[in-house]
>>> print(open('input.cif').read())   # mmCIF, C-alpha atoms
data_start
loop_
_atom_site.group_PDB
_atom_site.id
_atom_site.type_symbol
_atom_site.label_atom_id
_atom_site.label_comp_id
_atom_site.auth_asym_id
_atom_site.auth_seq_id
_atom_site.Cartn_x
_atom_site.Cartn_y
_atom_site.Cartn_z
ATOM 1 C CA MET A 13 -53.276 -14.974 1.196
ATOM 2 C CA PRO A 14 -52.500 -15.349 4.950
ATOM 3 C CA LYS A 15 -52.043 -12.054 6.786
ATOM 4 C CA PHE A 16 -48.522 -12.977 7.993
ATOM 5 C CA PHE A 17 -47.420 -13.794 4.458
ATOM 6 C CA ARG A 18 -48.869 -10.509 3.118
ATOM 7 C CA LEU A 19 -47.014 -8.541 5.796
ATOM 8 C CA SER A 20 -43.763 -10.370 5.036
ATOM 9 C CA VAL A 21 -44.068 -9.617 1.318
ATOM 10 C CA GLN A 22 -44.880 -5.967 2.037
ATOM 11 C CA PHE A 23 -41.925 -5.675 4.425
ATOM 12 C CA LEU A 24 -39.546 -7.214 1.870
ATOM 13 C CA ALA A 25 -40.800 -4.941 -0.911
ATOM 14 C CA THR A 26 -40.473 -1.852 1.307
ATOM 15 C CA THR A 27 -36.947 -2.881 2.341
ATOM 16 C CA LEU A 28 -35.847 -3.409 -1.258
ATOM 17 C CA LEU A 29 -37.320 -0.097 -2.395
ATOM 18 C CA THR A 30 -35.716 1.740 0.505
ATOM 19 C CA ALA A 31 -32.324 0.142 -0.203
ATOM 20 C CA ALA A 32 -32.584 1.003 -3.900
ATOM 21 C CA ALA A 33 -33.508 4.606 -3.144
ATOM 22 C CA TRP A 34 -30.688 4.880 -0.600
ATOM 23 C CA ALA A 35 -28.126 3.545 -3.086
ATOM 24 C CA GLN A 36 -29.293 6.056 -5.693
ATOM 25 C CA THR A 37 -28.741 8.962 -3.286
ATOM 26 C CA TYR A 38 -25.305 7.750 -2.136
ATOM 27 C CA PRO A 39 -23.270 9.652 -1.196
ATOM 28 C CA ASN A 40 -25.158 12.402 0.590
ATOM 29 C CA HIS A 41 -22.514 13.447 3.137
ATOM 30 C CA PRO A 42 -18.684 13.514 3.378
ATOM 31 C CA ILE A 43 -16.660 10.311 3.000
ATOM 32 C CA GLU A 44 -13.765 9.322 5.259
ATOM 33 C CA TRP A 45 -10.645 7.843 3.610
ATOM 34 C CA VAL A 46 -8.445 6.093 6.161
ATOM 35 C CA VAL A 47 -4.695 5.981 5.510
ATOM 36 C CA PRO A 48 -3.052 3.469 7.897
ATOM 37 C CA TYR A 49 0.287 5.328 7.750
ATOM 38 C CA PRO A 50 1.459 8.795 8.841
ATOM 39 C CA ALA A 51 1.004 11.829 6.637
ATOM 40 C CA GLY A 52 3.740 12.438 4.090
ATOM 41 C CA GLY A 53 4.422 8.851 3.040
ATOM 42 C CA GLY A 54 3.660 7.271 -0.330
ATOM 43 C CA THR A 55 0.275 5.869 0.703
ATOM 44 C CA ASP A 56 -0.799 9.234 2.070
ATOM 45 C CA ILE A 57 0.359 11.041 -1.088
ATOM 46 C CA VAL A 58 -1.587 8.706 -3.380
ATOM 47 C CA ALA A 59 -4.744 8.980 -1.258
ATOM 48 C CA ARG A 60 -4.633 12.771 -1.397
ATOM 49 C CA VAL A 61 -3.959 12.782 -5.134
ATOM 50 C CA LEU A 62 -6.825 10.392 -5.963
ATOM 51 C CA SER A 63 -9.325 11.749 -3.457
ATOM 52 C CA GLN A 64 -9.668 15.062 -5.303
ATOM 53 C CA PRO A 65 -11.056 13.758 -8.624
ATOM 54 C CA MET A 66 -13.042 11.050 -6.799
ATOM 55 C CA SER A 67 -14.638 13.708 -4.603
ATOM 56 C CA ALA A 68 -15.610 15.695 -7.709
ATOM 57 C CA ALA A 69 -17.105 12.598 -9.346
ATOM 58 C CA LEU A 70 -19.079 11.600 -6.244
ATOM 59 C CA GLY A 71 -20.202 15.119 -5.395
ATOM 60 C CA GLN A 72 -19.075 14.945 -1.762
ATOM 61 C CA PRO A 73 -15.890 15.883 0.126
ATOM 62 C CA ILE A 74 -13.456 13.058 0.876
ATOM 63 C CA VAL A 75 -11.572 13.610 4.129
ATOM 64 C CA ILE A 76 -8.192 11.896 4.593
ATOM 65 C CA VAL A 77 -7.742 10.506 8.118
ATOM 66 C CA ASN A 78 -4.353 9.074 9.116
ATOM 67 C CA LYS A 79 -4.453 6.139 11.541
ATOM 68 C CA PRO A 80 -0.879 4.810 11.591
ATOM 69 C CA GLY A 81 0.637 2.009 13.624
ATOM 70 C CA ALA A 82 0.996 -1.754 14.057
ATOM 71 C CA ALA A 83 1.782 -2.455 10.394
ATOM 72 C CA THR A 84 -1.595 -0.960 9.275
ATOM 73 C CA ASN A 85 -3.528 -3.009 11.857
ATOM 74 C CA ILE A 86 -4.856 0.049 13.707
ATOM 75 C CA GLY A 87 -6.435 1.419 10.547
ATOM 76 C CA ALA A 88 -7.594 -2.031 9.421
ATOM 77 C CA ASP A 89 -9.292 -2.718 12.755
ATOM 78 C CA TYR A 90 -11.046 0.657 12.560
ATOM 79 C CA LEU A 91 -12.326 -0.081 9.060
ATOM 80 C CA ALA A 92 -13.375 -3.662 9.835
ATOM 81 C CA HIS A 93 -15.603 -2.377 12.651
ATOM 82 C CA SER A 94 -17.016 0.596 10.726
ATOM 83 C CA LYS A 95 -20.553 0.690 9.382
ATOM 84 C CA PRO A 96 -20.675 -0.920 5.902
ATOM 85 C CA ASP A 97 -22.357 2.011 4.189
ATOM 86 C CA GLY A 98 -19.604 3.312 1.892
ATOM 87 C CA TYR A 99 -18.739 6.310 4.032
ATOM 88 C CA VAL A 100 -15.468 4.868 5.363
ATOM 89 C CA LEU A 101 -12.802 3.706 2.878
ATOM 90 C CA MET A 102 -9.207 2.624 3.447
ATOM 91 C CA SER A 103 -5.966 2.289 1.516
ATOM 92 C CA ALA A 104 -4.980 -1.362 1.938
ATOM 93 C CA ASP A 105 -1.615 -2.738 0.878
ATOM 94 C CA THR A 106 0.621 -5.794 1.011
ATOM 95 C CA ALA A 107 0.839 -5.601 4.809
ATOM 96 C CA THR A 108 -2.920 -5.372 5.381
ATOM 97 C CA LEU A 109 -4.086 -7.956 2.880
ATOM 98 C CA ALA A 110 -1.135 -10.321 2.356
ATOM 99 C CA ALA A 111 1.554 -10.200 5.062
ATOM 100 C CA ASN A 112 -0.128 -9.576 8.403
ATOM 101 C CA PRO A 113 -2.169 -12.810 8.408
ATOM 102 C CA PHE A 114 1.152 -14.698 8.488
ATOM 103 C CA MET A 115 3.041 -12.373 10.835
ATOM 104 C CA TYR A 116 0.565 -12.041 13.673
ATOM 105 C CA LYS A 117 -0.706 -14.927 15.770
ATOM 106 C CA LYS A 118 -3.992 -13.124 16.195
ATOM 107 C CA LEU A 119 -5.525 -10.237 14.256
ATOM 108 C CA SER A 120 -8.630 -8.239 15.131
ATOM 109 C CA TYR A 121 -9.721 -8.526 11.507
ATOM 110 C CA SER A 122 -9.742 -11.081 8.704
ATOM 111 C CA ALA A 123 -7.932 -10.003 5.565
ATOM 112 C CA GLU A 124 -10.182 -12.293 3.537
ATOM 113 C CA LYS A 125 -13.576 -11.782 5.192
ATOM 114 C CA ASP A 126 -13.804 -8.298 6.699
ATOM 115 C CA PHE A 127 -13.170 -6.138 3.618
ATOM 116 C CA SER A 128 -14.794 -5.629 0.238
ATOM 117 C CA PRO A 129 -12.393 -4.500 -2.504
ATOM 118 C CA ILE A 130 -13.138 -1.363 -4.503
ATOM 119 C CA GLY A 131 -10.163 -1.688 -6.827
ATOM 120 C CA LEU A 132 -6.386 -1.535 -7.065
ATOM 121 C CA THR A 133 -4.841 1.922 -7.265
ATOM 122 C CA VAL A 134 -1.093 1.973 -7.932
ATOM 123 C CA ARG A 135 2.084 -0.030 -7.831
ATOM 124 C CA PHE A 136 5.100 1.552 -6.118
ATOM 125 C CA PRO A 137 8.534 0.662 -7.493
ATOM 126 C CA LEU A 138 11.134 0.327 -4.735
ATOM 127 C CA ILE A 139 14.649 1.760 -4.848
ATOM 128 C CA LEU A 140 17.605 0.795 -2.696
ATOM 129 C CA VAL A 141 18.922 4.115 -1.336
ATOM 130 C CA VAL A 142 21.681 5.087 1.072
ATOM 131 C CA ASN A 143 22.591 8.127 3.084
ATOM 132 C CA PRO A 144 25.243 10.052 1.079
ATOM 133 C CA SER A 145 27.801 9.328 3.826
ATOM 134 C CA VAL A 146 27.799 5.657 2.810
ATOM 135 C CA PRO A 147 30.776 5.109 0.463
ATOM 136 C CA ALA A 148 28.846 3.241 -2.219
ATOM 137 C CA LYS A 149 27.498 4.345 -5.581
ATOM 138 C CA ASN A 150 26.475 0.981 -7.048
ATOM 139 C CA PHE A 151 25.430 -2.498 -5.961
ATOM 140 C CA LYS A 152 28.975 -3.929 -6.005
ATOM 141 C CA GLU A 153 30.285 -1.133 -3.795
ATOM 142 C CA PHE A 154 27.256 -1.444 -1.529
ATOM 143 C CA LYS A 155 27.924 -5.142 -0.928
ATOM 144 C CA ALA A 156 31.583 -4.434 -0.210
ATOM 145 C CA TRP A 157 30.624 -1.712 2.275
ATOM 146 C CA VAL A 158 28.149 -3.937 4.173
ATOM 147 C CA ASN A 159 30.712 -6.745 4.328
ATOM 148 C CA SER A 160 33.294 -4.319 5.727
ATOM 149 C CA GLN A 161 31.058 -3.508 8.707
ATOM 150 C CA ALA A 162 31.798 -5.624 11.776
ATOM 151 C CA ASN A 163 28.103 -6.141 12.556
ATOM 152 C CA GLY A 164 26.649 -5.713 9.086
ATOM 153 C CA ALA A 165 24.263 -2.823 8.424
ATOM 154 C CA ASN A 166 20.900 -1.607 9.701
ATOM 155 C CA TYR A 167 18.045 -0.834 7.340
ATOM 156 C CA ALA A 168 14.868 1.184 7.876
ATOM 157 C CA THR A 169 11.328 0.293 6.788
ATOM 158 C CA PRO A 170 7.855 1.816 7.258
ATOM 159 C CA GLY A 171 7.091 -1.123 9.566
ATOM 160 C CA ALA A 172 7.184 -4.875 10.011
ATOM 161 C CA GLY A 173 5.376 -6.629 7.179
ATOM 162 C CA SER A 174 5.434 -3.584 4.913
ATOM 163 C CA PRO A 175 6.360 -4.195 1.253
ATOM 164 C CA HIS A 176 9.656 -2.453 1.993
ATOM 165 C CA HIS A 177 10.365 -4.927 4.813
ATOM 166 C CA LEU A 178 9.494 -7.968 2.697
ATOM 167 C CA ALA A 179 11.658 -6.653 -0.145
ATOM 168 C CA SER A 180 14.553 -6.169 2.266
ATOM 169 C CA GLU A 181 14.183 -9.703 3.630
ATOM 170 C CA LEU A 182 14.141 -11.114 0.119
ATOM 171 C CA PHE A 183 17.208 -8.974 -0.669
ATOM 172 C CA ARG A 184 18.990 -10.290 2.439
ATOM 173 C CA ASP A 185 18.191 -13.886 1.511
ATOM 174 C CA MET A 186 19.394 -13.464 -2.080
ATOM 175 C CA THR A 187 22.601 -11.595 -1.212
ATOM 176 C CA GLY A 188 23.592 -13.293 2.037
ATOM 177 C CA LEU A 189 24.399 -9.901 3.545
ATOM 178 C CA SER A 190 24.205 -9.314 7.306
ATOM 179 C CA LEU A 191 21.318 -6.861 7.704
ATOM 180 C CA THR A 192 19.297 -5.777 10.748
ATOM 181 C CA HIS A 193 15.740 -4.457 10.549
ATOM 182 C CA VAL A 194 14.828 -1.094 12.114
ATOM 183 C CA PRO A 195 11.033 -0.653 11.779
ATOM 184 C CA TYR A 196 9.268 2.718 11.862
ATOM 185 C CA ARG A 197 5.618 3.789 11.954
ATOM 186 C CA GLY A 198 5.410 4.770 8.304
ATOM 187 C CA ALA A 199 7.570 5.680 5.329
ATOM 188 C CA ALA A 200 7.938 9.373 6.169
ATOM 189 C CA PRO A 201 9.741 8.929 9.522
ATOM 190 C CA ALA A 202 11.841 6.075 8.108
ATOM 191 C CA VAL A 203 13.004 8.202 5.182
ATOM 192 C CA GLN A 204 13.697 11.138 7.478
ATOM 193 C CA ASP A 205 16.039 9.048 9.619
ATOM 194 C CA VAL A 206 17.921 7.705 6.589
ATOM 195 C CA VAL A 207 18.289 11.278 5.310
ATOM 196 C CA ALA A 208 19.556 12.288 8.769
ATOM 197 C CA GLY A 209 22.032 9.401 8.842
ATOM 198 C CA GLN A 210 20.441 7.647 11.834
ATOM 199 C CA VAL A 211 20.041 4.523 9.669
ATOM 200 C CA PRO A 212 22.313 4.052 6.628
ATOM 201 C CA PHE A 213 19.934 2.622 4.030
ATOM 202 C CA MET A 214 16.486 1.386 3.078
ATOM 203 C CA PHE A 215 14.279 0.363 0.197
ATOM 204 C CA VAL A 216 12.161 3.442 -0.420
ATOM 205 C CA ASP A 217 9.094 3.679 -2.632
ATOM 206 C CA THR A 218 9.347 6.207 -5.438
ATOM 207 C CA ALA A 219 6.571 8.441 -4.046
ATOM 208 C CA SER A 220 8.210 8.791 -0.616
ATOM 209 C CA GLY A 221 11.746 9.052 -1.966
ATOM 210 C CA TYR A 222 11.316 11.215 -5.059
ATOM 211 C CA GLN A 223 12.137 14.623 -3.565
ATOM 212 C CA PHE A 224 15.063 13.298 -1.511
ATOM 213 C CA ILE A 225 16.626 11.451 -4.440
ATOM 214 C CA SER A 226 16.137 14.480 -6.696
ATOM 215 C CA SER A 227 17.754 16.810 -4.157
ATOM 216 C CA GLY A 228 20.704 14.490 -3.488
ATOM 217 C CA LYS A 229 19.737 13.842 0.142
ATOM 218 C CA LEU A 230 19.461 10.130 -0.692
ATOM 219 C CA ARG A 231 21.775 8.313 -3.104
ATOM 220 C CA PRO A 232 20.079 5.630 -5.228
ATOM 221 C CA ILE A 233 21.930 2.328 -5.624
ATOM 222 C CA GLY A 234 19.467 0.344 -7.703
ATOM 223 C CA VAL A 235 15.825 -0.224 -8.600
ATOM 224 C CA ALA A 236 14.094 -3.386 -7.373
ATOM 225 C CA SER A 237 12.066 -3.719 -10.600
ATOM 226 C CA LEU A 238 13.212 -5.862 -13.518
ATOM 227 C CA LYS A 239 13.057 -2.807 -15.785
ATOM 228 C CA ARG A 240 14.064 0.795 -15.188
ATOM 229 C CA VAL A 241 11.323 3.075 -13.890
ATOM 230 C CA LYS A 242 9.891 6.021 -15.820
ATOM 231 C CA ASN A 243 11.138 9.341 -14.470
ATOM 232 C CA PHE A 244 13.959 7.448 -12.717
ATOM 233 C CA GLU A 245 15.609 6.103 -15.882
ATOM 234 C CA THR A 246 19.131 7.047 -14.788
ATOM 235 C CA ILE A 247 18.964 4.575 -11.891
ATOM 236 C CA PRO A 248 19.967 1.059 -13.015
ATOM 237 C CA THR A 249 18.067 -1.971 -11.739
ATOM 238 C CA LEU A 250 19.668 -4.284 -9.204
ATOM 239 C CA ALA A 251 19.058 -7.104 -11.665
ATOM 240 C CA GLU A 252 21.205 -5.477 -14.341
ATOM 241 C CA GLN A 253 23.914 -4.927 -11.710
ATOM 242 C CA GLY A 254 24.152 -8.647 -11.034
ATOM 243 C CA LEU A 255 21.295 -9.522 -8.667
ATOM 244 C CA LYS A 256 19.486 -11.660 -11.211
ATOM 245 C CA GLY A 257 15.764 -12.222 -10.823
ATOM 246 C CA PHE A 258 15.335 -9.805 -7.930
ATOM 247 C CA GLU A 259 11.966 -8.036 -8.112
ATOM 248 C CA ALA A 260 9.958 -6.405 -5.362
ATOM 249 C CA TYR A 261 7.414 -3.608 -5.270
ATOM 250 C CA ALA A 262 4.692 -2.142 -3.122
ATOM 251 C CA TRP A 263 1.053 -2.165 -4.192
ATOM 252 C CA GLN A 264 -2.191 -0.944 -2.763
ATOM 253 C CA GLY A 265 -5.891 -0.713 -3.361
ATOM 254 C CA LEU A 266 -9.040 0.725 -1.881
ATOM 255 C CA VAL A 267 -11.342 -1.292 0.398
ATOM 256 C CA VAL A 268 -14.552 -0.813 2.389
ATOM 257 C CA PRO A 269 -16.079 -2.898 5.206
ATOM 258 C CA ALA A 270 -17.537 -6.234 4.130
ATOM 259 C CA GLY A 271 -21.284 -6.028 3.599
ATOM 260 C CA THR A 272 -21.180 -2.659 1.863
ATOM 261 C CA PRO A 273 -24.013 -2.649 -0.750
ATOM 262 C CA GLN A 274 -22.881 -3.740 -4.193
ATOM 263 C CA ASP A 275 -24.336 -0.613 -5.816
ATOM 264 C CA VAL A 276 -22.157 1.526 -3.569
ATOM 265 C CA VAL A 277 -19.067 -0.581 -4.311
ATOM 266 C CA GLU A 278 -19.721 -0.164 -8.042
ATOM 267 C CA LYS A 279 -20.179 3.599 -7.668
ATOM 268 C CA LEU A 280 -16.880 3.905 -5.809
ATOM 269 C CA ASN A 281 -15.090 1.714 -8.343
ATOM 270 C CA LYS A 282 -16.419 3.844 -11.188
ATOM 271 C CA ALA A 283 -15.170 7.019 -9.475
ATOM 272 C CA LEU A 284 -11.764 5.422 -8.818
ATOM 273 C CA LEU A 285 -11.353 4.240 -12.413
ATOM 274 C CA ALA A 286 -12.314 7.691 -13.711
ATOM 275 C CA ALA A 287 -9.756 9.326 -11.405
ATOM 276 C CA LEU A 288 -6.969 7.001 -12.535
ATOM 277 C CA ASP A 289 -7.834 7.732 -16.163
ATOM 278 C CA THR A 290 -7.560 11.518 -15.982
ATOM 279 C CA THR A 291 -4.633 13.179 -17.743
ATOM 280 C CA ALA A 292 -3.666 15.222 -14.673
ATOM 281 C CA ILE A 293 -3.555 12.168 -12.405
ATOM 282 C CA LYS A 294 -1.586 10.132 -14.939
ATOM 283 C CA ALA A 295 0.970 12.926 -15.177
ATOM 284 C CA ARG A 296 1.226 13.271 -11.392
ATOM 285 C CA LEU A 297 1.695 9.533 -10.884
ATOM 286 C CA GLN A 298 4.370 9.388 -13.587
ATOM 287 C CA VAL A 299 6.342 12.169 -11.894
ATOM 288 C CA LEU A 300 6.318 10.047 -8.729
ATOM 289 C CA GLY A 301 7.368 6.959 -10.677
ATOM 290 C CA LEU A 302 4.105 5.185 -9.885
ATOM 291 C CA GLU A 303 2.331 2.690 -12.094
ATOM 292 C CA SER A 304 -1.447 2.975 -12.286
ATOM 293 C CA THR A 305 -3.148 -0.419 -11.784
ATOM 294 C CA PRO A 306 -6.890 0.046 -12.466
ATOM 295 C CA SER A 307 -9.012 -3.017 -11.736
ATOM 296 C CA SER A 308 -12.459 -4.272 -10.904
ATOM 297 C CA PRO A 309 -13.308 -5.313 -7.324
ATOM 298 C CA ALA A 310 -13.121 -8.982 -8.381
ATOM 299 C CA GLN A 311 -9.695 -8.503 -9.948
ATOM 300 C CA MET A 312 -8.403 -6.871 -6.778
ATOM 301 C CA ALA A 313 -9.749 -9.748 -4.661
ATOM 302 C CA GLU A 314 -7.963 -12.267 -6.890
ATOM 303 C CA PHE A 315 -4.735 -10.251 -6.823
ATOM 304 C CA ALA A 316 -4.759 -10.034 -3.005
ATOM 305 C CA SER A 317 -5.323 -13.785 -2.803
ATOM 306 C CA ASP A 318 -2.365 -14.406 -5.110
ATOM 307 C CA GLU A 319 -0.176 -12.086 -2.999
ATOM 308 C CA ARG A 320 -1.038 -14.054 0.163
ATOM 309 C CA ALA A 321 -0.010 -17.223 -1.636
ATOM 310 C CA LYS A 322 3.253 -15.559 -2.748
ATOM 311 C CA TRP A 323 4.394 -13.909 0.475
ATOM 312 C CA GLY A 324 3.094 -16.426 3.027
ATOM 313 C CA PRO A 325 5.899 -18.913 2.315
ATOM 314 C CA VAL A 326 8.531 -16.125 2.258
ATOM 315 C CA ILE A 327 7.423 -14.872 5.688
ATOM 316 C CA LYS A 328 7.368 -18.379 7.147
ATOM 317 C CA ALA A 329 10.793 -19.229 5.705
ATOM 318 C CA SER A 330 12.287 -15.982 7.042
ATOM 319 C CA GLY A 331 10.737 -16.499 10.462
ATOM 320 C CA ILE A 332 9.312 -12.967 10.522
ATOM 321 C CA LYS A 333 7.019 -12.591 13.522
ATOM 322 C CA VAL A 334 5.661 -9.500 15.203
ATOM 323 C CA ASP A 335 4.021 -11.055 18.259
#
>>> encode(input="input.cif", output="structure tokens")
Amino acid sequence: MPKFFRLSVQFLATTLLTAAAWAQTYPNHPIEWVVPYPAGGGTDIVARVLSQPMSAALGQPIVIVNKPGAATNIGADYLAHSKPDGYVLMSADTATLAANPFMYKKLSYSAEKDFSPIGLTVRFPLILVVNPSVPAKNFKEFKAWVNSQANGANYATPGAGSPHHLASELFRDMTGLSLTHVPYRGAAPAVQDVVAGQVPFMFVDTASGYQFISSGKLRPIGVASLKRVKNFETIPTLAEQGLKGFEAYAWQGLVVPAGTPQDVVEKLNKALLAALDTTAIKARLQVLGLESTPSSPAQMAEFASDERAKWGPVIKASGIKVD
């Protein structure tokens, strides 16, 4: 056997053994979980809820790091350029994986090529809510109120391209109401301004809006799902109030940089599935009105692809552009 060939075989064998041993010891230091929104919003809440049982399963601390801004692009850029070793994860949603590729002329990352899915986490039902000063308690009264405003009404969202924004655009198209978008850097500040009366209404996800709806600081008008939401059963759907076929929700999953070893991806997926299956987590998610959506990495990849196919035409038709 030629010396060069022997050395090549030895190098390959050593590399494979080293990689296998490394995967078996993963993780051996703390893991960073990037949330591309401010603390206090629905995405942040879910990350903190799931990180605890995942940390226990993996045997290492999981540290939540908030990197908000630019419709999740700041966090996504950070993740895309992180080392693909499984020590940096990120919550990715409709904006990151489905909307931004159609809203920005140029992105510093590829939604299709720069991330490896770990699995879907939850689906967030959306609820149309108003500040209590708005004289509307149902969809019919809400429409009448908007139409009575000389310049229509402003609505808040966690940011351009967020699920809340896309839902609002779809709502505007289906109702013909005159509505103006007021984007924020995350759900928490958007909700705070609706509660304060700076903006009269928004579509809020159940996790971000739960405490404010329960305390009466936000008045619910209708749910954007086709069926009523558990733990929010007293709130009728917009569909049953006359807006037939209207359905919109937020979703998210967990991703790592592309090129992360498959063994590591599988380990993280196993920990995520175990977390979603615990009684305590199921109970916590139900209180927040969230729907658990466990999946394999391949199922998440297919779902994200389908969402790009769904929302791309909506964004183009609405003319939504950020730059």
>>> closest_residue(input="input.cif", among="A:Asn85, A:Ser226, A:Ser122, A:Gln311", to="A:Ile247", atoms="all atoms listed in the file")
A:Ser226
>>> closest_residue(input="input.cif", among="A:Ala88, A:Met66, A:Leu191, A:Ala295", to="A:Trp157", atoms="all atoms listed in the file")
A:Leu191
>>> closest_residue(input="input.cif", among="A:Gln274, A:Glu252, A:Ile233, A:Tyr261", to="A:Lys149", atoms="all atoms listed in the file")
A:Ile233
>>> residues_near_point(input="input.cif", point="(-4.0, 0.0, -9.0)", cutoff="10 Å", atoms="all atoms listed in the file", output="PyMOL selection string")
chain A and resi 131-136+263-266+284-285+288+302-308+312
>>> resolve_selection(input="input.cif", expression="the PyMOL selection byres ((chain A and resi 323) around 12)", output="NGL selection string")
:A and (106-107 or 109-115 or 173-175 or 177-179 or 181-182 or 260 or 316-322 or 324-330 or 332)
>>> closest_residue(input="input.cif", among="A:Ile74, A:Ala51, A:Val235, A:Val334", to="A:Gly98", atoms="only C-alpha atoms")
A:Ile74
>>> closest_residue(input="input.cif", among="A:Gly71, A:Pro42, A:Gly257, A:Gly198", to="A:Gly54", atoms="all atoms listed in the file")
A:Gly198
>>> residues_near_point(input="input.cif", point="(-16.7, -2.3, -8.6)", cutoff="7 Å", atoms="all atoms listed in the file", output="PyMOL selection string")
chain A and resi 130-131+277-282+308-309
>>> resolve_selection(input="input.cif", expression="the PyMOL selection byres ((chain A and resi 151) around 8)", output="ChimeraX atom specification")
/A:148-150,152-155,233-234,250,253
>>> write_last_selection(input="input.cif", atoms="C-alpha atoms", output="short mmCIF file (atom, residue, chain, number, x, y, z; two decimals), in the coordinates of the input")
data_model
loop_
_atom_site.label_atom_id
_atom_site.label_comp_id
_atom_site.auth_asym_id
_atom_site.auth_seq_id
_atom_site.Cartn_x
_atom_site.Cartn_y
_atom_site.Cartn_z
CA ALA A 148 28.85 3.24 -2.22
CA LYS A 149 27.50 4.34 -5.58
CA ASN A 150 26.48 0.98 -7.05
CA LYS A 152 28.98 -3.93 -6.00
CA GLU A 153 30.28 -1.13 -3.80
CA PHE A 154 27.26 -1.44 -1.53
CA LYS A 155 27.92 -5.14 -0.93
CA ILE A 233 21.93 2.33 -5.62
CA GLY A 234 19.47 0.34 -7.70
CA LEU A 250 19.67 -4.28 -9.20
CA GLN A 253 23.91 -4.93 -11.71
#
>>> resolve_selection(input="input.cif", expression="the PyMOL selection byres ((chain A and resi 219) around 7)", output="PyMOL selection string")
chain A and resi 54+217-218+220-222+300-301
>>> closest_residue(input="input.cif", among="A:Leu238, A:Val58, A:Met186, A:Leu230", to="A:Ala208", atoms="all atoms listed in the file")
A:Leu230
>>> atom_distance(input="input.cif", atom1="atom CA of A:Ser120", atom2="atom CA of A:His176")
23.2 Å
>>> residues_around(input="input.cif", residues="stretch 141-146 of chain A", least_positions_apart="4", cutoff="6 Å", atoms="all atoms listed in the file", output="mmCIF file with C-alpha atoms, in the coordinates of the input")
data_model
loop_
_atom_site.group_PDB
_atom_site.id
_atom_site.type_symbol
_atom_site.label_atom_id
_atom_site.label_comp_id
_atom_site.auth_asym_id
_atom_site.auth_seq_id
_atom_site.Cartn_x
_atom_site.Cartn_y
_atom_site.Cartn_z
ATOM 1 C CA VAL A 206 17.921 7.705 6.589
ATOM 2 C CA VAL A 207 18.289 11.278 5.310
ATOM 3 C CA GLY A 209 22.032 9.401 8.842
ATOM 4 C CA PRO A 212 22.313 4.052 6.628
ATOM 5 C CA PHE A 213 19.934 2.622 4.030
ATOM 6 C CA MET A 214 16.486 1.386 3.078
ATOM 7 C CA LEU A 230 19.461 10.130 -0.692
ATOM 8 C CA ARG A 231 21.775 8.313 -3.104
ATOM 9 C CA PRO A 232 20.079 5.630 -5.228
ATOM 10 C CA ILE A 233 21.930 2.328 -5.624
#
